[in-house]
Structures are given as structure tokens and as C-alpha cells.
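To start, the structure under review is shown below, and the notes come after it.
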Amino acid sequence: MRKRLLAIGITAMMAVSMFGCGQKEAADTTDAPAPAETEEAKESEEKTEAPAADLLDWEQELARTYSVNGDETFTWGYITMSFTDTFCAKVQEEVENYTKENYPNVTLNVADGKNDVNTQMELMENFITQGVDAVLLTPVDSDGDVAVCGLAQEAGIPIINITAEPNCAEEDHFFIGSDHYLSGQLQAEYLIENVDDSETLNMCYLEGSNGYTHTTLRKAGFFETLDEAGYNYELLASLEGEYLRDKAMDITEDWMVQYGDKIDVIVAANDEMAMGALQAEQAAGVTGIINCGIDANDDARKAVSEGTFGCTVFQNAVKQGQWGAIAAYSACASDLQPEFIEIPYELVTKDNLADYQ
């Protein structure tokens, strides 16, 4: 996965406060400082002042290099993956909040992708017809959405992908999101460090939807890390839960019938599926299974606190939304070239849960 930071220089642009005070989420404690008012002043400031010490570490370099204002008038289209997806709804909310507070002259039109590539294709065609200046997109399918992004590229409209990335050339789109391999790796490291494998650990894995790059990467990060460490486990089953709580609950109910009390661990590619597994366990009166998820949603953090989750992995929806809006504005107002802004994942356990409340 690419590990570079976005670095740009935008010449002769007046700058006002770029980072506003959008809705905050766990582990989001600060906003970036206003950039220098001119390139000359900016260069002088970089020599004499470091970014604010309370910035998140990964934002330090980005805060040095961005210099855009919110005074120009643009219209954006935003095609979500689905209005019903818990994490994507948080990202959407922050895009809307941040744009309203920091880019008051931007009109943001949000449309529901309904978890369907064909719907996203139609929405993209509509936005192109309307003459939008940029499109933000959370892809439904990494392969299928290549064509959706291609429509924007053919029309000369910048495309900013948030959270999930299509399998098209890196230079053709922006990606604001996280290294999904790392999220699976963090789940594996939690087990390695906290769950004794002196006896073989029996494990079930709930996969995300087929076709997503992040589905593949989360699973690969998890199992490759376990195998490289020589962790002693047996994979009883691995099935596609489609990132849905109800689907995962049904699968887990079947697993408990099939494997009885053999299951030691259920690892899921997101919290919704992990919560579905937990609900199936609770309905059956089963205790003692270690559950692990990704996203650090409210109910997952509660489960960590109660000890019914071993861990979850924090994916920063607020920062994805903020930097998605920043990238969209920068793409419209400058010669910014498509890049990847990585929003780091963070492991959440009982030991550090207070940092994410």
C-alpha cells in the first residue's frame, strides 16, 4: 500500500483559516493552523515555526504544505456508498460539516449510492450533466467503480475517493483513506500479544464483501501477520459477511451449530459484522469467544469496555471527511495532482479505550 504524504505548493493564493471545527470523533483532538497569507510569508513561516504541537503526528507535514482558501465558488457532487452504512455516514456528516464551515461558497450535493455500482454510475452521469467541479465518491466495488471514475476523468472532473479505493491508476484519482492491510495486521498483533496459543486456537473469520480492495487487504494483513509469527491457530471457517450485522449474525449462528464450543476467536473485517457475531453468541448463551472488529464504532467500544470484544481498530471517519473536503477544494482551486492521503489506523483495547471515548 502506498505510504506517501500529499505535498503541494500553491502559488499566489490568499489563505484564510483552512481547518475548522467540524464534529469531532474519538481520537480527533485538534484542527490544523491557518496557512501563511502568501508564498513568501509561507516560506518564512516554515523556517521559523513548526506546525502546532497538538496536531496529530501524521498531519504535521500536511499542515506545512497546504495553502488554500475557501473563497472561490464551486459545486461538488458526493456519491456515497450507502446512507445506511454506519461508518460511511460518519464520513459523510464530516464532509458536510467541514465544507459548510470552511468553504461557504461551495455547494455540496450528496446522493445515495445504495451499495450498487449501477446506481453510482447513474449518479455520476447526472453530476457530469449538471457540470459539477469535482466529485467525491466512496466506491461500492473496487473493480466496478473503475468505470464510474472513468466517466469523471473523461469529463475532466477531479475525482476524490474517500474510505475505499477503486482499482484504477493511482494518477487518475485522489484517495483519502487508510492502509487497510494495517488494520488486519493490528488485529493479528493483538491476538499474538494477548491470546495464548500454546494450544491450537480455533478461529472463524468474517470477510467483507467480495470485490472491495479493503476486504482483500484486511484479510491479507490479518492472516499473513499470524503466519509470519508462527501463531498456532486453525481456521475453522471464513465466509463473506458483506459488512452487514444481520448477515454476520446468521453466519455465526450456523457456525455455533456446526462447531459447538470449539470456537475460540471470531475476527471480522468490520465492527458491524463483529457485533452480529456477538449478538448470535449472546442469543445462544455462549460466552468466552474473543471477538475482534474494525472501525471503533460506539457499540464496539462499549463491547471492548465490557470485555465481550478483545479489540477493535479505530478508523478515523472525521479526518477522512475533513481531508476529503480539503482535497476536493484543492483540486478545484489549484493544479494539485492526484495523491494518497493516509489516515492511520489505531488499535483499541481495554488498556487505551479512554483515549477513544
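Ligands are numbered from 1 in the order shown, residues from 1 within each chain, and chains are lettered A, B, ... in the order they appear in the C-alpha cells.
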
Would you please give, as a PDB file with N, CA, C and O atoms, in the first residue's frame, all residues of range 101-139 of chain A that DSSP assigns to strand (DSSP E) based on the backbone?
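Now in result18.pdb:
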```
ATOM      1  N   VAL A 106     -19.031  26.842  -1.476  1.00  0.00           N
ATOM      2  CA  VAL A 106     -19.149  25.553  -2.163  1.00  0.00           C
ATOM      3  C   VAL A 106     -20.551  24.992  -1.949  1.00  0.00           C
ATOM      4  O   VAL A 106     -21.048  24.936  -0.817  1.00  0.00           O
ATOM      5  N   THR A 107     -21.172  24.594  -3.040  1.00  0.00           N
ATOM      6  CA  THR A 107     -22.446  23.879  -2.967  1.00  0.00           C
ATOM      7  C   THR A 107     -22.154  22.385  -3.029  1.00  0.00           C
ATOM      8  O   THR A 107     -21.541  21.912  -3.987  1.00  0.00           O
ATOM      9  N   LEU A 108     -22.585  21.643  -2.010  1.00  0.00           N
ATOM     10  CA  LEU A 108     -22.318  20.210  -1.920  1.00  0.00           C
ATOM     11  C   LEU A 108     -23.628  19.444  -2.079  1.00  0.00           C
ATOM     12  O   LEU A 108     -24.538  19.584  -1.268  1.00  0.00           O
ATOM     13  N   ASN A 109     -23.721  18.645  -3.136  1.00  0.00           N
ATOM     14  CA  ASN A 109     -24.902  17.825  -3.392  1.00  0.00           C
ATOM     15  C   ASN A 109     -24.567  16.365  -3.101  1.00  0.00           C
ATOM     16  O   ASN A 109     -23.671  15.801  -3.732  1.00  0.00           O
ATOM     17  N   VAL A 110     -25.276  15.752  -2.155  1.00  0.00           N
ATOM     18  CA  VAL A 110     -24.979  14.392  -1.711  1.00  0.00           C
ATOM     19  C   VAL A 110     -26.040  13.427  -2.240  1.00  0.00           C
ATOM     20  O   VAL A 110     -27.243  13.715  -2.166  1.00  0.00           O
ATOM     21  N   ALA A 111     -25.592  12.288  -2.779  1.00  0.00           N
ATOM     22  CA  ALA A 111     -26.505  11.299  -3.340  1.00  0.00           C
ATOM     23  C   ALA A 111     -26.173   9.911  -2.792  1.00  0.00           C
ATOM     24  O   ALA A 111     -25.010   9.590  -2.546  1.00  0.00           O
ATOM     25  N   ALA A 134     -16.193  18.999  -9.076  1.00  0.00           N
ATOM     26  CA  ALA A 134     -15.483  17.837  -8.539  1.00  0.00           C
ATOM     27  C   ALA A 134     -16.513  16.843  -8.032  1.00  0.00           C
ATOM     28  O   ALA A 134     -17.645  17.218  -7.708  1.00  0.00           O
ATOM     29  N   VAL A 135     -16.096  15.570  -7.975  1.00  0.00           N
ATOM     30  CA  VAL A 135     -16.967  14.529  -7.422  1.00  0.00           C
ATOM     31  C   VAL A 135     -16.214  13.787  -6.327  1.00  0.00           C
ATOM     32  O   VAL A 135     -15.074  13.358  -6.524  1.00  0.00           O
ATOM     33  N   LEU A 136     -16.843  13.669  -5.165  1.00  0.00           N
ATOM     34  CA  LEU A 136     -16.343  12.812  -4.096  1.00  0.00           C
ATOM     35  C   LEU A 136     -17.109  11.507  -4.168  1.00  0.00           C
ATOM     36  O   LEU A 136     -18.332  11.502  -4.373  1.00  0.00           O
ATOM     37  N   LEU A 137     -16.409  10.394  -4.000  1.00  0.00           N
ATOM     38  CA  LEU A 137     -17.016   9.085  -4.180  1.00  0.00           C
ATOM     39  C   LEU A 137     -16.479   8.101  -3.153  1.00  0.00           C
ATOM     40  O   LEU A 137     -15.271   8.051  -2.902  1.00  0.00           O
TER      41      LEU A 137
END
```

Can you pull out the residues contacting Gln282 in chain A? Cut-off 12 Å, using only C-alpha atoms, and skip same-chain residues under 5 positions away; I want them as a PDB file with N, CA, C and O atoms, in the first residue's frame.
```pdb
ATOM      1  N   MET A 249     -24.601 -12.260  11.769  1.00  0.00           N
ATOM      2  CA  MET A 249     -25.323 -12.959  12.831  1.00  0.00           C
ATOM      3  C   MET A 249     -25.817 -14.315  12.346  1.00  0.00           C
ATOM      4  O   MET A 249     -25.667 -15.338  13.044  1.00  0.00           O
ATOM      5  N   THR A 252     -22.832 -16.702  11.991  1.00  0.00           N
ATOM      6  CA  THR A 252     -22.322 -17.137  13.293  1.00  0.00           C
ATOM      7  C   THR A 252     -23.258 -18.156  13.939  1.00  0.00           C
ATOM      8  O   THR A 252     -22.798 -19.111  14.595  1.00  0.00           O
ATOM      9  N   GLU A 253     -24.546 -17.960  13.787  1.00  0.00           N
ATOM     10  CA  GLU A 253     -25.498 -18.950  14.309  1.00  0.00           C
ATOM     11  C   GLU A 253     -25.232 -20.329  13.696  1.00  0.00           C
ATOM     12  O   GLU A 253     -25.243 -21.350  14.404  1.00  0.00           O
ATOM     13  N   MET A 256     -22.018 -21.870  15.166  1.00  0.00           N
ATOM     14  CA  MET A 256     -22.164 -22.412  16.523  1.00  0.00           C
ATOM     15  C   MET A 256     -22.857 -23.771  16.499  1.00  0.00           C
ATOM     16  O   MET A 256     -22.573 -24.632  17.327  1.00  0.00           O
ATOM     17  N   MET A 275     -20.212  -7.263  15.670  1.00  0.00           N
ATOM     18  CA  MET A 275     -21.363  -7.119  16.553  1.00  0.00           C
ATOM     19  C   MET A 275     -22.427  -8.150  16.219  1.00  0.00           C
ATOM     20  O   MET A 275     -23.109  -8.672  17.114  1.00  0.00           O
ATOM     21  N   GLY A 276     -22.605  -8.469  14.939  1.00  0.00           N
ATOM     22  CA  GLY A 276     -23.538  -9.525  14.560  1.00  0.00           C
ATOM     23  C   GLY A 276     -23.134 -10.854  15.156  1.00  0.00           C
ATOM     24  O   GLY A 276     -23.982 -11.625  15.648  1.00  0.00           O
ATOM     25  N   ALA A 277     -21.829 -11.139  15.133  1.00  0.00           N
ATOM     26  CA  ALA A 277     -21.329 -12.375  15.742  1.00  0.00           C
ATOM     27  C   ALA A 277     -21.595 -12.375  17.237  1.00  0.00           C
ATOM     28  O   ALA A 277     -22.052 -13.383  17.811  1.00  0.00           O
ATOM     29  N   THR A 287     -20.571 -17.778  25.892  1.00  0.00           N
ATOM     30  CA  THR A 287     -19.618 -16.777  26.385  1.00  0.00           C
ATOM     31  C   THR A 287     -18.194 -17.289  26.166  1.00  0.00           C
ATOM     32  O   THR A 287     -17.975 -18.468  25.908  1.00  0.00           O
ATOM     33  N   GLY A 288     -17.248 -16.375  26.267  1.00  0.00           N
ATOM     34  CA  GLY A 288     -15.842 -16.756  26.211  1.00  0.00           C
ATOM     35  C   GLY A 288     -15.198 -16.663  24.849  1.00  0.00           C
ATOM     36  O   GLY A 288     -13.982 -16.833  24.719  1.00  0.00           O
ATOM     37  N   ILE A 289     -15.974 -16.399  23.788  1.00  0.00           N
ATOM     38  CA  ILE A 289     -15.377 -16.222  22.461  1.00  0.00           C
ATOM     39  C   ILE A 289     -14.767 -14.835  22.387  1.00  0.00           C
ATOM     40  O   ILE A 289     -15.369 -13.840  22.798  1.00  0.00           O
ATOM     41  N   THR A 308     -16.526  -8.131  26.009  1.00  0.00           N
ATOM     42  CA  THR A 308     -17.070  -9.058  25.004  1.00  0.00           C
ATOM     43  C   THR A 308     -16.365  -8.914  23.658  1.00  0.00           C
ATOM     44  O   THR A 308     -16.519  -9.770  22.782  1.00  0.00           O
TER      45      THR A 308
END
```

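Among the candidate residues A:Thr216, A:Gln322, A:Ser334, A:Thr163, the one lying nearest to Asn102 in chain A is A:Gln322, with distances computed using only C-alpha atoms.
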
Check: How would you write, as number ranges by chain, the set of residues in range 116-239 of chain A that DSSP gives as helix (DSSP H, G or I)?
Finding: A: 117-130, 145-154, 170-172, 180-194, 213-228

Notebook entry, point to check: Which of these residues is nearest to Glu346 in chain A, using only C-alpha atoms: A:Ala220, A:Val304, A:Ala237, A:Cys311?
Noted result: A:Cys311

Find the residues near Ile176 in chain A: any atom within 8 Å, counting only C-alpha atoms, skip ones fewer than 2 places away on the same chain, and give them as a PDB file with C-alpha atoms, in the first residue's frame.
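Result file is out-v3.pdb:
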```
ATOM      1  CA  ILE A 160     -11.803  12.234  -4.834  1.00  0.00           C
ATOM      2  CA  ASN A 161     -12.307   8.727  -3.455  1.00  0.00           C
ATOM      3  CA  ILE A 162     -12.904   8.500   0.281  1.00  0.00           C
ATOM      4  CA  THR A 163     -12.545   5.392   2.504  1.00  0.00           C
ATOM      5  CA  PHE A 174      -7.325  11.132  -5.171  1.00  0.00           C
ATOM      6  CA  SER A 178      -6.364   4.244   5.408  1.00  0.00           C
ATOM      7  CA  GLN A 320     -11.328  11.136   6.288  1.00  0.00           C
ATOM      8  CA  TRP A 323      -9.284  15.727   4.268  1.00  0.00           C
ATOM      9  CA  GLY A 324     -11.731  14.589   1.598  1.00  0.00           C
ATOM     10  CA  PHE A 340      -2.996   9.465  -1.443  1.00  0.00           C
ATOM     11  CA  ILE A 341      -3.558  10.984   1.986  1.00  0.00           C
ATOM     12  CA  GLU A 342      -3.219   8.196   4.511  1.00  0.00           C
ATOM     13  CA  ILE A 343      -5.354   8.403   7.659  1.00  0.00           C
TER      14      ILE A 343
END
```

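Of the residues listed (A:Thr138, A:Ser330, A:Asn194, A:Thr312), A:Thr138 shows the shortest atom-to-atom separation from Ala164 in chain A; distances use only C-alpha atoms.
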
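Atom pair CA of Glu94 in chain A / CA of Ala317 in chain A: separated by 7.6 Å.
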
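Between CA of Tyr98 in chain A and CA of Asn270 in chain A there is a distance of 25.5 Å.
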
Notebook entry, point to check: With distances taken over only C-alpha atoms, which of A:Asp179, A:Lys262, A:Phe309, A:Asp298 is nearest to Gln279 in chain A?
Noted result: A:Phe309

Margin query: Can you pull out the residues contacting Asp112 in chain A? Cut-off 7 Å, using only C-alpha atoms, and skip same-chain residues under 5 positions away; I want them as a ChimeraX atom specification.
Written below: /A:79-83

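With only C-alpha atoms as the atoms that count, the residue of A:Ile128, A:Val140, A:Ala89, A:Leu191 with the shortest distance to Gly208 in chain A is A:Val140.
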